[in-house]
Every structure is written in structure tokens, then in C-alpha cells.
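Peer 1: Sharing final17.txt, compact mmCIF, C-alpha atoms:
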```
# COMPACT_ATOMS: atom_id res chain seq x y z
CA MET A 1 97.45 44.26 -16.74
CA LYS A 2 95.35 46.24 -19.21
CA PHE A 3 91.87 44.93 -19.95
CA ALA A 4 88.98 45.44 -22.38
CA TRP A 5 85.24 45.81 -22.02
CA ILE A 6 83.16 45.19 -25.14
CA ASP A 7 80.12 47.50 -25.41
CA LEU A 8 77.19 45.71 -27.04
CA ARG A 9 74.66 48.55 -26.82
CA THR A 10 75.13 49.71 -30.41
CA VAL A 11 76.15 46.42 -32.03
CA ALA A 12 73.83 45.58 -34.92
CA GLY A 13 71.52 42.64 -34.32
CA PRO A 14 72.98 40.34 -36.98
CA GLN A 15 76.46 40.85 -35.50
CA LEU A 16 75.52 40.42 -31.84
CA GLU A 17 75.90 36.64 -31.56
CA ALA A 18 79.27 36.65 -33.35
CA VAL A 19 80.56 39.54 -31.22
CA LEU A 20 79.53 37.78 -28.00
CA ALA A 21 81.24 34.57 -29.13
CA ALA A 22 84.38 36.52 -30.02
CA ALA A 23 84.39 38.24 -26.62
CA VAL A 24 84.30 34.88 -24.84
CA HIS A 25 86.86 33.28 -27.16
CA ALA A 26 89.26 36.25 -26.92
CA ARG A 27 88.87 36.23 -23.13
CA VAL A 28 88.01 39.89 -22.83
CA HIS A 29 87.57 41.08 -19.27
CA GLY A 30 84.01 42.37 -19.52
CA VAL A 31 80.89 42.81 -21.65
CA VAL A 32 78.62 45.87 -21.37
CA ALA A 33 74.91 45.92 -22.22
CA ASP A 34 71.81 47.95 -21.37
CA ARG A 35 69.59 44.88 -20.96
CA PRO A 36 70.36 42.06 -18.49
CA GLU A 37 69.01 39.38 -20.83
CA VAL A 38 71.79 40.17 -23.32
CA LEU A 39 74.34 39.26 -20.65
CA ALA A 40 72.56 36.04 -19.66
CA GLY A 41 74.46 32.89 -20.47
CA LEU A 42 77.92 34.48 -20.45
CA PRO A 43 80.49 32.39 -18.54
CA PRO A 44 81.70 33.49 -15.09
CA THR A 45 85.08 34.40 -16.61
CA VAL A 46 83.44 37.49 -18.16
CA THR A 47 82.47 40.51 -16.03
CA LYS A 48 78.85 41.36 -16.90
CA VAL A 49 78.31 45.14 -16.80
CA LEU A 50 74.90 46.81 -17.01
CA LEU A 51 74.93 50.39 -18.30
CA GLY A 52 71.90 52.41 -19.37
CA ASN A 53 69.42 55.14 -18.50
CA GLN A 54 66.67 52.71 -17.49
CA ILE A 55 68.13 49.81 -15.55
CA PRO A 56 65.44 47.33 -14.46
CA ALA A 57 65.10 46.48 -10.78
CA ASP A 58 65.57 42.79 -11.60
CA HIS A 59 69.10 42.41 -12.92
CA GLU A 60 70.02 38.98 -11.61
CA GLY A 61 73.30 37.59 -12.93
CA VAL A 62 74.86 41.03 -13.49
CA ASP A 63 78.27 41.65 -11.87
CA LEU A 64 78.40 45.45 -12.06
CA VAL A 65 75.59 47.97 -12.31
CA THR A 66 76.71 51.36 -13.59
CA THR A 67 75.45 54.69 -12.30
CA GLU A 68 75.77 57.77 -14.47
CA VAL A 69 77.22 60.64 -12.43
CA THR A 70 76.20 64.18 -13.37
CA ASP A 71 76.79 66.31 -10.26
CA ALA A 72 79.12 66.60 -7.27
CA GLU A 73 76.44 65.99 -4.64
CA GLN A 74 75.49 62.67 -6.23
CA LEU A 75 79.15 61.66 -6.44
CA ASP A 76 79.83 62.58 -2.81
CA ARG A 77 76.90 60.41 -1.76
CA LEU A 78 78.21 57.42 -3.73
CA ILE A 79 81.66 57.82 -2.19
CA ALA A 80 80.19 58.09 1.33
CA GLU A 81 78.12 54.95 0.70
CA ARG A 82 81.26 53.09 -0.48
CA HIS A 83 79.59 52.41 -3.84
CA SER A 84 80.72 49.00 -5.08
CA GLY A 85 79.44 49.25 -8.63
CA ALA A 86 80.71 51.29 -11.56
CA VAL A 87 80.09 54.92 -12.39
CA PHE A 88 79.97 56.59 -15.79
CA VAL A 89 81.07 60.19 -16.38
CA GLU A 90 80.85 62.00 -19.70
CA VAL A 91 83.57 64.65 -19.67
CA ARG A 92 82.47 67.68 -21.68
CA ASP A 93 83.71 70.65 -19.60
CA ASP A 94 85.77 71.59 -16.54
CA ARG A 95 82.96 70.67 -14.13
CA THR A 96 82.53 67.13 -15.46
CA LEU A 97 86.31 66.71 -15.70
CA LYS A 98 86.52 67.34 -11.96
CA LEU A 99 83.79 64.75 -11.39
CA ALA A 100 85.79 62.18 -13.37
CA CYS A 101 88.96 62.94 -11.40
CA VAL A 102 87.22 62.58 -8.01
CA ALA A 103 85.44 59.38 -9.09
CA ALA A 104 88.61 57.77 -10.46
CA ALA A 105 90.49 58.59 -7.26
CA ASN A 106 87.81 57.18 -4.92
CA LEU A 107 85.61 54.54 -6.55
CA PRO A 108 86.32 50.96 -7.68
CA TYR A 109 85.26 51.37 -11.34
CA THR A 110 85.07 54.66 -13.27
CA ILE A 111 84.05 54.67 -16.94
CA VAL A 112 84.96 57.93 -18.65
CA SER A 113 83.88 59.18 -22.08
CA PHE A 114 85.46 62.32 -23.51
CA VAL A 115 83.77 64.78 -25.85
CA ASP A 116 87.07 66.62 -26.41
CA PRO A 117 89.11 64.82 -29.13
CA THR A 118 92.42 65.82 -27.50
CA LYS A 119 93.94 63.61 -24.84
CA ILE A 120 94.63 66.44 -22.35
CA PRO A 121 91.50 65.68 -20.24
CA LEU A 122 92.44 61.98 -20.14
CA GLU A 123 95.95 62.90 -18.99
CA ILE A 124 94.42 64.91 -16.13
CA VAL A 125 92.16 62.03 -15.05
CA ILE A 126 95.02 59.50 -15.22
CA ALA A 127 97.18 61.79 -13.10
CA ALA A 128 94.36 62.26 -10.57
CA ALA A 129 93.85 58.50 -10.31
CA ASP A 130 97.56 57.66 -9.98
CA GLY A 131 98.01 55.38 -6.98
CA ALA A 132 94.26 54.85 -6.51
CA LYS A 133 93.01 51.30 -5.98
CA GLY A 134 90.14 51.62 -8.46
CA GLN A 135 90.03 50.88 -12.18
CA LEU A 136 89.78 53.61 -14.82
CA ILE A 137 88.04 52.56 -18.05
CA CYS A 138 88.21 54.89 -21.06
CA VAL A 139 85.64 54.77 -23.86
CA VAL A 140 87.37 54.64 -27.26
CA SER A 141 85.77 55.07 -30.67
CA ASP A 142 88.02 52.73 -32.65
CA LEU A 143 91.18 50.62 -32.53
CA GLU A 144 93.45 53.50 -33.51
CA GLU A 145 92.27 55.53 -30.54
CA ALA A 146 92.64 52.46 -28.33
CA GLY A 147 96.34 52.26 -29.20
CA ILE A 148 96.82 55.94 -28.38
CA VAL A 149 94.96 55.76 -25.06
CA LEU A 150 97.10 52.82 -23.88
CA ASP A 151 100.22 55.03 -24.05
CA VAL A 152 98.90 58.30 -22.57
CA LEU A 153 101.35 59.50 -19.86
CA GLU A 154 103.26 56.20 -20.37
CA HIS A 155 100.50 54.61 -18.31
CA GLY A 156 97.18 54.83 -20.13
CA SER A 157 93.86 53.90 -18.63
CA ASP A 158 93.50 50.54 -16.87
CA GLY A 159 90.80 49.44 -19.27
CA LEU A 160 89.32 50.26 -22.66
CA MET A 161 85.64 50.16 -23.59
CA LEU A 162 84.92 49.72 -27.29
CA ALA A 163 81.70 49.31 -29.24
CA PRO A 164 82.92 46.94 -32.00
CA ARG A 165 81.63 46.92 -35.54
CA ASP A 166 81.99 43.16 -35.73
CA ALA A 167 83.85 40.19 -34.23
CA THR A 168 87.07 41.18 -36.01
CA ASP A 169 87.29 44.33 -33.88
CA VAL A 170 87.03 42.20 -30.72
CA PHE A 171 89.98 40.01 -31.71
CA SER A 172 92.01 43.04 -32.87
CA LEU A 173 91.49 44.76 -29.53
CA ALA A 174 92.55 41.61 -27.66
CA ARG A 175 95.74 41.42 -29.74
CA LEU A 176 96.43 45.10 -29.07
CA LEU A 177 96.29 44.49 -25.32
CA GLU A 178 98.64 41.53 -25.64
CA ALA A 179 101.19 43.50 -27.66
CA GLY A 180 103.53 44.24 -24.80
CA THR A 181 107.16 43.22 -25.20
CA ARG A 182 108.60 40.20 -23.46
CA ASP A 183 111.92 40.03 -21.63
CA LEU A 184 114.79 38.30 -23.41
CA GLU A 185 117.37 35.91 -21.98
CA LEU A 186 120.66 37.44 -23.06
CA SER A 187 123.83 35.41 -23.54
CA THR A 188 127.46 36.23 -22.84
CA LEU A 189 129.34 35.99 -26.14
CA THR A 190 133.09 35.58 -26.47
CA VAL A 191 134.88 37.54 -29.18
CA GLU A 192 136.86 35.27 -31.54
CA SER A 193 138.18 37.77 -34.09
CA ILE A 194 138.01 41.33 -35.41
CA GLU A 195 138.41 41.91 -39.15
CA HIS A 196 138.81 45.32 -40.82
CA ASN A 197 136.79 45.29 -44.05
CA GLY A 198 137.18 48.65 -45.77
CA LEU A 199 134.42 50.90 -47.10
CA GLY A 200 130.74 49.98 -46.88
CA ASP A 201 127.35 51.41 -45.97
CA ARG A 202 126.25 51.56 -42.36
CA VAL A 203 123.01 52.70 -40.69
CA CYS A 204 122.53 54.98 -37.71
CA VAL A 205 119.11 54.45 -36.12
CA ASP A 206 117.76 57.67 -34.59
CA THR A 207 114.74 57.01 -32.39
CA CYS A 208 112.01 59.11 -30.80
CA SER A 209 113.10 58.02 -27.30
CA HIS A 210 116.03 58.50 -24.97
CA PHE A 211 118.03 55.34 -24.33
CA GLU A 212 119.24 54.49 -20.84
CA GLU A 213 122.98 53.97 -20.32
CA ASP A 214 122.69 50.17 -20.46
CA GLU A 215 120.24 50.07 -23.39
CA GLY A 216 120.69 49.53 -27.10
CA ILE A 217 119.31 47.43 -29.94
CA LEU A 218 120.11 43.85 -30.95
CA VAL A 219 121.79 43.61 -34.35
CA GLY A 220 123.48 40.76 -36.19
CA SER A 221 124.52 39.49 -39.62
CA TYR A 222 122.95 36.09 -38.91
CA SER A 223 119.36 35.39 -37.89
CA SER A 224 120.68 33.03 -35.20
CA GLY A 225 122.53 35.60 -33.11
CA PHE A 226 122.61 39.29 -32.26
CA ILE A 227 124.96 41.64 -30.40
CA LEU A 228 123.67 44.41 -28.14
CA CYS A 229 124.74 47.67 -29.79
CA CYS A 230 125.09 50.61 -27.43
CA SER A 231 123.40 53.98 -27.90
CA GLU A 232 125.35 57.24 -27.99
CA THR A 233 124.22 58.00 -24.45
CA HIS A 234 127.75 57.95 -23.06
CA PRO A 235 130.13 60.93 -23.47
CA LEU A 236 132.25 61.08 -26.63
CA PRO A 237 135.26 63.24 -27.47
CA TYR A 238 134.81 66.07 -29.98
CA MET A 239 131.02 65.66 -30.23
CA PRO A 240 127.89 65.91 -28.05
CA THR A 241 126.04 62.83 -26.85
CA ARG A 242 123.04 61.72 -28.88
CA PRO A 243 121.03 59.59 -26.44
CA PHE A 244 118.44 58.78 -29.10
CA ARG A 245 120.93 57.20 -31.55
CA VAL A 246 122.45 53.78 -32.12
CA ASN A 247 125.25 53.44 -34.69
CA ALA A 248 123.88 50.03 -35.47
CA GLY A 249 125.77 48.31 -38.27
CA ALA A 250 125.99 47.58 -41.97
CA LEU A 251 122.80 47.94 -44.00
CA HIS A 252 122.34 44.17 -44.52
CA SER A 253 122.16 43.45 -40.77
CA TYR A 254 119.14 42.08 -38.99
CA VAL A 255 117.67 44.12 -36.13
CA LEU A 256 115.42 42.36 -33.64
CA GLY A 257 112.02 43.99 -33.23
CA PRO A 258 108.78 43.33 -31.34
CA ASP A 259 106.86 40.07 -31.66
CA ASN A 260 110.02 38.12 -32.55
CA ARG A 261 110.19 39.86 -35.93
CA THR A 262 113.32 41.12 -37.61
CA ASN A 263 113.99 43.83 -40.16
CA TYR A 264 117.06 44.62 -42.19
CA LEU A 265 118.59 47.87 -41.01
CA SER A 266 118.10 49.11 -44.57
CA GLU A 267 114.31 48.68 -44.14
CA LEU A 268 113.96 50.95 -41.11
CA HIS A 269 112.48 54.37 -41.76
CA SER A 270 110.68 57.19 -40.00
CA GLY A 271 107.73 55.66 -38.17
CA SER A 272 109.12 52.11 -37.97
CA VAL A 273 108.96 50.35 -34.60
CA THR A 274 111.88 48.42 -33.16
CA LEU A 275 113.00 47.09 -29.77
CA ALA A 276 115.15 48.72 -27.10
CA VAL A 277 116.88 46.13 -24.92
CA ASN A 278 118.86 46.68 -21.72
CA ALA A 279 121.66 44.65 -20.17
CA GLU A 280 119.19 42.62 -18.11
CA GLY A 281 117.11 41.69 -21.16
CA LYS A 282 114.23 44.05 -20.40
CA THR A 283 112.63 45.35 -23.59
CA ARG A 284 110.37 48.16 -24.78
CA ARG A 285 109.00 49.34 -28.11
CA ILE A 286 110.61 52.44 -29.60
CA VAL A 287 109.66 54.43 -32.67
CA VAL A 288 112.28 55.22 -35.31
CA GLY A 289 112.52 58.91 -36.14
CA ARG A 290 115.10 58.51 -38.89
CA ALA A 291 117.46 55.92 -40.34
CA LYS A 292 120.69 57.46 -41.62
CA LEU A 293 122.68 55.52 -44.24
CA GLU A 294 126.26 56.64 -44.95
CA SER A 295 129.45 55.09 -46.38
CA ARG A 296 132.09 54.45 -43.73
CA PRO A 297 135.01 52.05 -43.10
CA LEU A 298 133.67 48.83 -41.57
CA LEU A 299 134.88 46.06 -39.28
CA THR A 300 133.38 42.67 -38.49
CA ILE A 301 133.12 41.17 -35.01
CA ARG A 302 132.95 37.39 -34.89
CA ALA A 303 131.90 35.87 -31.58
CA GLN A 304 130.53 32.66 -30.16
CA SER A 305 127.90 31.79 -27.56
CA PRO A 306 128.56 29.29 -24.75
CA GLU A 307 126.56 26.74 -26.81
CA GLY A 308 128.84 27.25 -29.79
CA VAL A 309 126.48 29.40 -31.89
CA ALA A 310 128.40 31.69 -34.26
CA VAL A 311 127.47 35.39 -34.11
CA SER A 312 128.68 38.04 -36.53
CA LEU A 313 128.18 41.79 -36.70
CA THR A 314 129.63 44.33 -39.14
CA LEU A 315 129.87 47.88 -37.81
CA GLN A 316 131.52 51.19 -38.58
CA ASP A 317 135.25 50.94 -37.93
CA ASP A 318 135.50 53.80 -35.44
CA TRP A 319 136.36 54.10 -31.75
CA HIS A 320 133.12 55.91 -30.88
CA VAL A 321 130.99 52.96 -32.05
CA ARG A 322 130.23 50.81 -29.03
CA VAL A 323 128.67 47.53 -27.97
CA LEU A 324 127.71 46.36 -24.49
CA GLY A 325 129.31 43.70 -22.34
CA PRO A 326 128.02 41.88 -19.24
CA GLY A 327 126.72 44.25 -16.60
CA GLY A 328 126.23 46.95 -19.22
CA LYS A 329 129.97 47.55 -19.63
CA VAL A 330 130.63 49.80 -22.65
CA ARG A 331 133.10 48.35 -25.17
CA ASN A 332 134.57 50.46 -27.99
CA VAL A 333 134.62 48.26 -31.09
CA THR A 334 138.13 49.24 -32.24
CA GLU A 335 139.57 48.13 -28.88
CA LEU A 336 137.96 44.68 -28.82
CA GLN A 337 140.30 41.68 -28.53
CA PRO A 338 139.74 37.92 -28.82
CA GLY A 339 138.46 36.67 -25.49
CA ASP A 340 136.49 39.83 -24.66
CA GLU A 341 132.91 39.26 -23.55
CA LEU A 342 129.84 40.89 -25.12
CA LEU A 343 126.13 40.72 -24.49
CA GLY A 344 123.98 39.14 -27.17
CA TYR A 345 120.87 37.16 -27.90
CA ILE A 346 120.71 33.70 -29.44
CA ALA A 347 117.60 33.01 -31.52
CA THR A 348 116.48 29.48 -32.32
CA ASP A 349 114.37 30.51 -35.31
CA LYS A 350 115.45 30.88 -38.91
CA ARG A 351 113.90 33.77 -40.84
CA HIS A 352 111.88 34.33 -43.96
CA VAL A 353 111.05 38.00 -44.71
CA GLY A 354 111.54 38.70 -41.01
CA TYR A 355 109.17 36.01 -39.75
CA PRO A 356 110.48 33.07 -37.69
CA ILE A 357 110.21 29.79 -39.57
CA GLY A 358 111.29 26.22 -38.81
CA GLU A 359 113.35 25.44 -41.89
CA PHE A 360 116.94 24.56 -42.69
CA CYS A 361 119.09 27.65 -43.21
CA LYS A 362 122.86 28.02 -42.98
CA GLU A 363 124.46 31.48 -42.81
CA THR A 364 128.19 32.13 -43.05
```
Kindly present the structure from the file in C-alpha cells form.
Peer 2:
Amino acid sequence: MKFAWIDLRTVAGPQLEAVLAAAVHARVHGVVADRPEVLAGLPPTVTKVLLGNQIPADHEGVDLVTTEVTDAEQLDRLIAERHSGAVFVEVRDDRTLKLACVAAANLPYTIVSFVDPTKIPLEIVIAAADGAKGQLICVVSDLEEAGIVLDVLEHGSDGLMLAPRDATDVFSLARLLEAGTRDLELSTLTVESIEHNGLGDRVCVDTCSHFEEDEGILVGSYSSGFILCCSETHPLPYMPTRPFRVNAGALHSYVLGPDNRTNYLSELHSGSVTLAVNAEGKTRRIVVGRAKLESRPLLTIRAQSPEGVAVSLTLQDDWHVRVLGPGGKVRNVTELQPGDELLGYIATDKRHVGYPIGEFCKET
């Protein structure tokens, strides 16, 4: 679980009380200060971290005292002493990068600040700390950098340390850490009919990620139900595989994205974010590289959930367009018959501009 430390050392005086209140309310993991009295009064749910050049001998009530590490001999001594506090390393060259790597691999808490704006040094430290029991905390300058650091090497640092401008930054950082995708409970849908529609516009969604063989995206004509559309990961006759692509459906269709939001397929564009879903309902965020709209013959699948919820999906009428059945079985849409089983997702929410809303809405 990723966590955040809020650094109060540079927070302006008028903002300090509001930032502290926000840190407690947002349940951030820790608060960092250079004076113990600033940390006094914080609840035991917050880790109180003291970091500074002149730490007073009396620091009662502080959970972690941080030592700045500047040379290998000092670091070796801390490791030999089984140092239980935190260490801080400013990475500015190869020598200090090595210090950060050794600290992260051997000590319980390592705070790292990088002078280099690239993320190559961070990648090296993350790799060095892989499998270590300690926690790696990366100093970030703003929320945009925080989002980038979380995804470095598909792992990111364990924690982020941010000096907020105000309370809004604290809440935004907390939301960023909570922005992981939840698993979905997929349903087994039964095909009721297949109808050939003639010419219409369909969308191929090309992403910036490779899909696994049992992954796709959830698409449907109704906000109440979606069918799991397969990627072009599996071999096709006459053409190479495109493991980044889903031939997803007609332009009007809903696609299920993160945070229980939907978009029309026609709204997706380069840089959009949507949701990859596998046959077990595991999900992950994926970035759209391109949405390709072309006119093609279409067909409509009508299916039903075990609870009797109607699901509809209009796709390109072509054998190489596929959907997924239970167990990740690949089904070519032109070979579907009434009674065949597909994987889908039943949503209880109606939609207004993609947001779930509890209102009456009937779709046919």
C-alpha cells in the first residue's frame, strides 16, 4: 500500500494549521517537521517524523528521527548499529546514488531527494531496494511528479514526501494514492440473438500497453451491462497480431473506465485513460494511444444476465472481431449462436455524462 508523508518545513505560517488538519482528516501516513513542537498534538494514527540539520536532544513524542547520510562510512555505521530511525539522502551524483541504493536495501526508512530531473536515478534505487523489508520514500515537488513517481518501473517508491502549498494539495495527494483500480465481479451472459445491421461506424481502441490473452475492455450499448471485448492478442489469418488493440464496437457504445466512469467510444482519444479487465475481473488503468473510427458492416449481440438484465453490444460484423467467454475462451462474433455464454459486467448505476447517478432511465 502506497503512503504519503506531508512535509511541513516550508509550509507558510498562515497555512500550517489548515494543512495539519487536512493531513489528519485525509489520514496521511506521516507528517514531517524540523521542530518537535510542530508535531505535538497529532493523533497516534499519524507517524511523526523529525527531519532537520539541528535536531534537539529532547524530541519526546516523535516516532522517527531522521539522520542525513553524506558518506559511506557513516552509512556503514548506521547499518551495523541496526539503525531504527529514518535516513535522508540527497542524490546529486554517482557517489550519493550508491549511498541511496545501499540505504534503501538495508535500513527501515530511506528518504531520497533527487537533484536530477530524470527518473533514471530513482529507477536504480527502486531496483536496488527490490525485495528489501524497508520503506523507500521519494521527495516530490508537486502532484504531477507524484503521479509519475508512483508508476516508475511499474512499482514506484513505497511512499511520497510532498511539501504542500495548502490543504488542497494534501487532499489531492490522498486521492492520488487511492486511485488504484478495483476488481470487478463479472457475470456470465447468455446470448439471445445476433442481428446483422449493415454499415455503421466502429471504433478500434489502440492502447499504449500490451493486453494479456484473457484481457480486453468492457463495452456495451446500455449503461446497465457490458460485454468483455477481446484484444487482438490472439493469432489471426492474413494479418499480424496487434496485442495493443481492441476492436471495441460502434461509436455510440459505452466503455467502462476507472472510478466507475464511462465514456462513449467516440470520446476516446490519444491520452485518454480506460480500463483493461481480465477474465477474473482484475483491472488496470491503460492509456489510449489512438482511437480509430472507420465505417464497417455491423452486427448486434443481445444477451441476458442470470438476473434478467438485458445487455446489448454492436460490433464490426467480421470473424476476426472477438469477445471473451467464461474462463477467457475466445469467441468470434460471427460464429455466436443463441445459448452461447459470454463474460460481462452488470452495473447497477444509470449514467449522466459518464457519472453514475440514481435516477430512472430505460434503454432499449
Peer 1: Identify, on the basis of all atoms listed in the file, every residue whose closest approach to segment 217-230 of chain A does not exceed 7 Å; exclude the query and any residue fewer than 4 positions from it along the same chain; express the result as a PyMOL selection string.
Peer 2: chain A and resi 246+248+253-256+275-277+311-313+322-324+343-351+363
Peer 1: Give, as lines of an AutoDock Vina configuration file, the centre coordinates and the x, y and z edge lengths in Å to one decimal for an axis-aligned box around all listed atoms of segment 60-72 of chain A, padded by 6 Å on each side.
Peer 2:
```
center_x = 74.6
center_y = 52.1
center_z = -10.9
size_x = 21.1
size_y = 41.0
size_z = 19.2
```
Peer 1: Rounded to one decimal place, report the atom CA of Asp317 of chain A-atom CA of Arg302 of chain A distance in Å.
Peer 2: 14.1 Å
Peer 1: Please provide the set of residues having any atom within 7 Å of segment 176-190 of chain A, restricted to all atoms listed in the file, with same-chain residues fewer than 5 positions apart removed, written as number ranges by chain.
Peer 2: A: 2-3, 258, 281-284, 303-306, 326, 339-346
Peer 1: As an exercise, work out the distance from atom CA of Glu335 of chain A to atom CA of Pro243 of chain A in Å and give it to one decimal place.
Peer 2: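 Here the two named atoms are 21.9 Å from each other.
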Peer 1: Go ahead and compute the interatomic distance for atom CA of Arg165 of chain A and atom CA of Ala12 of chain A, in Å to one decimal.
Peer 2: 7.9 Å
Peer 1: Since the input lacks some atoms of segment 83-111 of chain A, please model N, CA and C atoms and print them as a PDB file, in the frame of the given file.
Peer 2:
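Saved to rebuild.pdb:
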```pdb
ATOM      1  N   HIS A  83      80.215  53.005  -2.650  1.00  0.00           N
ATOM      2  CA  HIS A  83      79.590  52.410  -3.840  1.00  0.00           C
ATOM      3  C   HIS A  83      80.484  51.326  -4.434  1.00  0.00           C
ATOM      4  N   SER A  84      79.923  50.136  -4.598  1.00  0.00           N
ATOM      5  CA  SER A  84      80.720  49.000  -5.080  1.00  0.00           C
ATOM      6  C   SER A  84      80.549  48.732  -6.563  1.00  0.00           C
ATOM      7  N   GLY A  85      79.630  49.438  -7.202  1.00  0.00           N
ATOM      8  CA  GLY A  85      79.440  49.250  -8.630  1.00  0.00           C
ATOM      9  C   GLY A  85      80.347  50.151  -9.436  1.00  0.00           C
ATOM     10  N   ALA A  86      79.952  50.399 -10.681  1.00  0.00           N
ATOM     11  CA  ALA A  86      80.710  51.290 -11.560  1.00  0.00           C
ATOM     12  C   ALA A  86      79.971  52.606 -11.706  1.00  0.00           C
ATOM     13  N   VAL A  87      80.714  53.649 -12.045  1.00  0.00           N
ATOM     14  CA  VAL A  87      80.090  54.920 -12.390  1.00  0.00           C
ATOM     15  C   VAL A  87      80.538  55.324 -13.782  1.00  0.00           C
ATOM     16  N   PHE A  88      79.685  56.092 -14.448  1.00  0.00           N
ATOM     17  CA  PHE A  88      79.970  56.590 -15.790  1.00  0.00           C
ATOM     18  C   PHE A  88      79.937  58.107 -15.770  1.00  0.00           C
ATOM     19  N   VAL A  89      80.998  58.731 -16.306  1.00  0.00           N
ATOM     20  CA  VAL A  89      81.070  60.190 -16.380  1.00  0.00           C
ATOM     21  C   VAL A  89      81.387  60.584 -17.818  1.00  0.00           C
ATOM     22  N   GLU A  90      80.534  61.425 -18.400  1.00  0.00           N
ATOM     23  CA  GLU A  90      80.850  62.000 -19.700  1.00  0.00           C
ATOM     24  C   GLU A  90      81.532  63.346 -19.466  1.00  0.00           C
ATOM     25  N   VAL A  91      82.794  63.433 -19.885  1.00  0.00           N
ATOM     26  CA  VAL A  91      83.570  64.650 -19.670  1.00  0.00           C
ATOM     27  C   VAL A  91      83.366  65.581 -20.862  1.00  0.00           C
ATOM     28  N   ARG A  92      82.736  66.731 -20.600  1.00  0.00           N
ATOM     29  CA  ARG A  92      82.470  67.680 -21.680  1.00  0.00           C
ATOM     30  C   ARG A  92      82.891  69.105 -21.318  1.00  0.00           C
ATOM     31  N   ASP A  93      83.274  69.327 -20.036  1.00  0.00           N
ATOM     32  CA  ASP A  93      83.710  70.650 -19.600  1.00  0.00           C
ATOM     33  C   ASP A  93      84.518  70.497 -18.314  1.00  0.00           C
ATOM     34  N   ASP A  94      84.930  71.632 -17.742  1.00  0.00           N
ATOM     35  CA  ASP A  94      85.770  71.590 -16.540  1.00  0.00           C
ATOM     36  C   ASP A  94      85.025  70.953 -15.371  1.00  0.00           C
ATOM     37  N   ARG A  95      83.729  71.220 -15.248  1.00  0.00           N
ATOM     38  CA  ARG A  95      82.960  70.670 -14.130  1.00  0.00           C
ATOM     39  C   ARG A  95      82.910  69.141 -14.179  1.00  0.00           C
ATOM     40  N   THR A  96      82.606  68.587 -15.352  1.00  0.00           N
ATOM     41  CA  THR A  96      82.530  67.130 -15.460  1.00  0.00           C
ATOM     42  C   THR A  96      83.915  66.483 -15.422  1.00  0.00           C
ATOM     43  N   LEU A  97      84.947  67.229 -15.838  1.00  0.00           N
ATOM     44  CA  LEU A  97      86.310  66.710 -15.700  1.00  0.00           C
ATOM     45  C   LEU A  97      86.662  66.517 -14.231  1.00  0.00           C
ATOM     46  N   LYS A  98      86.272  67.472 -13.396  1.00  0.00           N
ATOM     47  CA  LYS A  98      86.520  67.340 -11.960  1.00  0.00           C
ATOM     48  C   LYS A  98      85.769  66.155 -11.372  1.00  0.00           C
ATOM     49  N   LEU A  99      84.539  65.926 -11.839  1.00  0.00           N
ATOM     50  CA  LEU A  99      83.790  64.750 -11.390  1.00  0.00           C
ATOM     51  C   LEU A  99      84.541  63.461 -11.722  1.00  0.00           C
ATOM     52  N   ALA A 100      85.047  63.385 -12.949  1.00  0.00           N
ATOM     53  CA  ALA A 100      85.790  62.180 -13.370  1.00  0.00           C
ATOM     54  C   ALA A 100      87.034  61.979 -12.514  1.00  0.00           C
ATOM     55  N   CYS A 101      87.745  63.044 -12.211  1.00  0.00           N
ATOM     56  CA  CYS A 101      88.960  62.940 -11.400  1.00  0.00           C
ATOM     57  C   CYS A 101      88.647  62.432  -9.999  1.00  0.00           C
ATOM     58  N   VAL A 102      87.592  62.986  -9.368  1.00  0.00           N
ATOM     59  CA  VAL A 102      87.220  62.580  -8.010  1.00  0.00           C
ATOM     60  C   VAL A 102      86.740  61.124  -8.009  1.00  0.00           C
ATOM     61  N   ALA A 103      85.942  60.756  -9.009  1.00  0.00           N
ATOM     62  CA  ALA A 103      85.440  59.380  -9.090  1.00  0.00           C
ATOM     63  C   ALA A 103      86.589  58.394  -9.261  1.00  0.00           C
ATOM     64  N   ALA A 104      87.495  58.690 -10.186  1.00  0.00           N
ATOM     65  CA  ALA A 104      88.610  57.770 -10.460  1.00  0.00           C
ATOM     66  C   ALA A 104      89.525  57.613  -9.255  1.00  0.00           C
ATOM     67  N   ALA A 105      89.616  58.646  -8.423  1.00  0.00           N
ATOM     68  CA  ALA A 105      90.490  58.590  -7.260  1.00  0.00           C
ATOM     69  C   ALA A 105      89.839  57.872  -6.071  1.00  0.00           C
ATOM     70  N   ASN A 106      88.490  57.670  -6.118  1.00  0.00           N
ATOM     71  CA  ASN A 106      87.810  57.180  -4.920  1.00  0.00           C
ATOM     72  C   ASN A 106      86.926  55.957  -5.108  1.00  0.00           C
ATOM     73  N   LEU A 107      86.568  55.618  -6.338  1.00  0.00           N
ATOM     74  CA  LEU A 107      85.610  54.540  -6.550  1.00  0.00           C
ATOM     75  C   LEU A 107      86.260  53.344  -7.263  1.00  0.00           C
ATOM     76  N   PRO A 108      85.668  52.158  -7.128  1.00  0.00           N
ATOM     77  CA  PRO A 108      86.320  50.960  -7.680  1.00  0.00           C
ATOM     78  C   PRO A 108      86.349  50.886  -9.201  1.00  0.00           C
ATOM     79  N   TYR A 109      85.293  51.398  -9.883  1.00  0.00           N
ATOM     80  CA  TYR A 109      85.260  51.370 -11.340  1.00  0.00           C
ATOM     81  C   TYR A 109      84.716  52.703 -11.849  1.00  0.00           C
ATOM     82  N   THR A 110      85.510  53.395 -12.680  1.00  0.00           N
ATOM     83  CA  THR A 110      85.070  54.660 -13.270  1.00  0.00           C
ATOM     84  C   THR A 110      85.200  54.565 -14.780  1.00  0.00           C
ATOM     85  N   ILE A 111      84.066  54.649 -15.477  1.00  0.00           N
ATOM     86  CA  ILE A 111      84.050  54.670 -16.940  1.00  0.00           C
ATOM     87  C   ILE A 111      83.979  56.130 -17.372  1.00  0.00           C
TER      88      ILE A 111
END
```
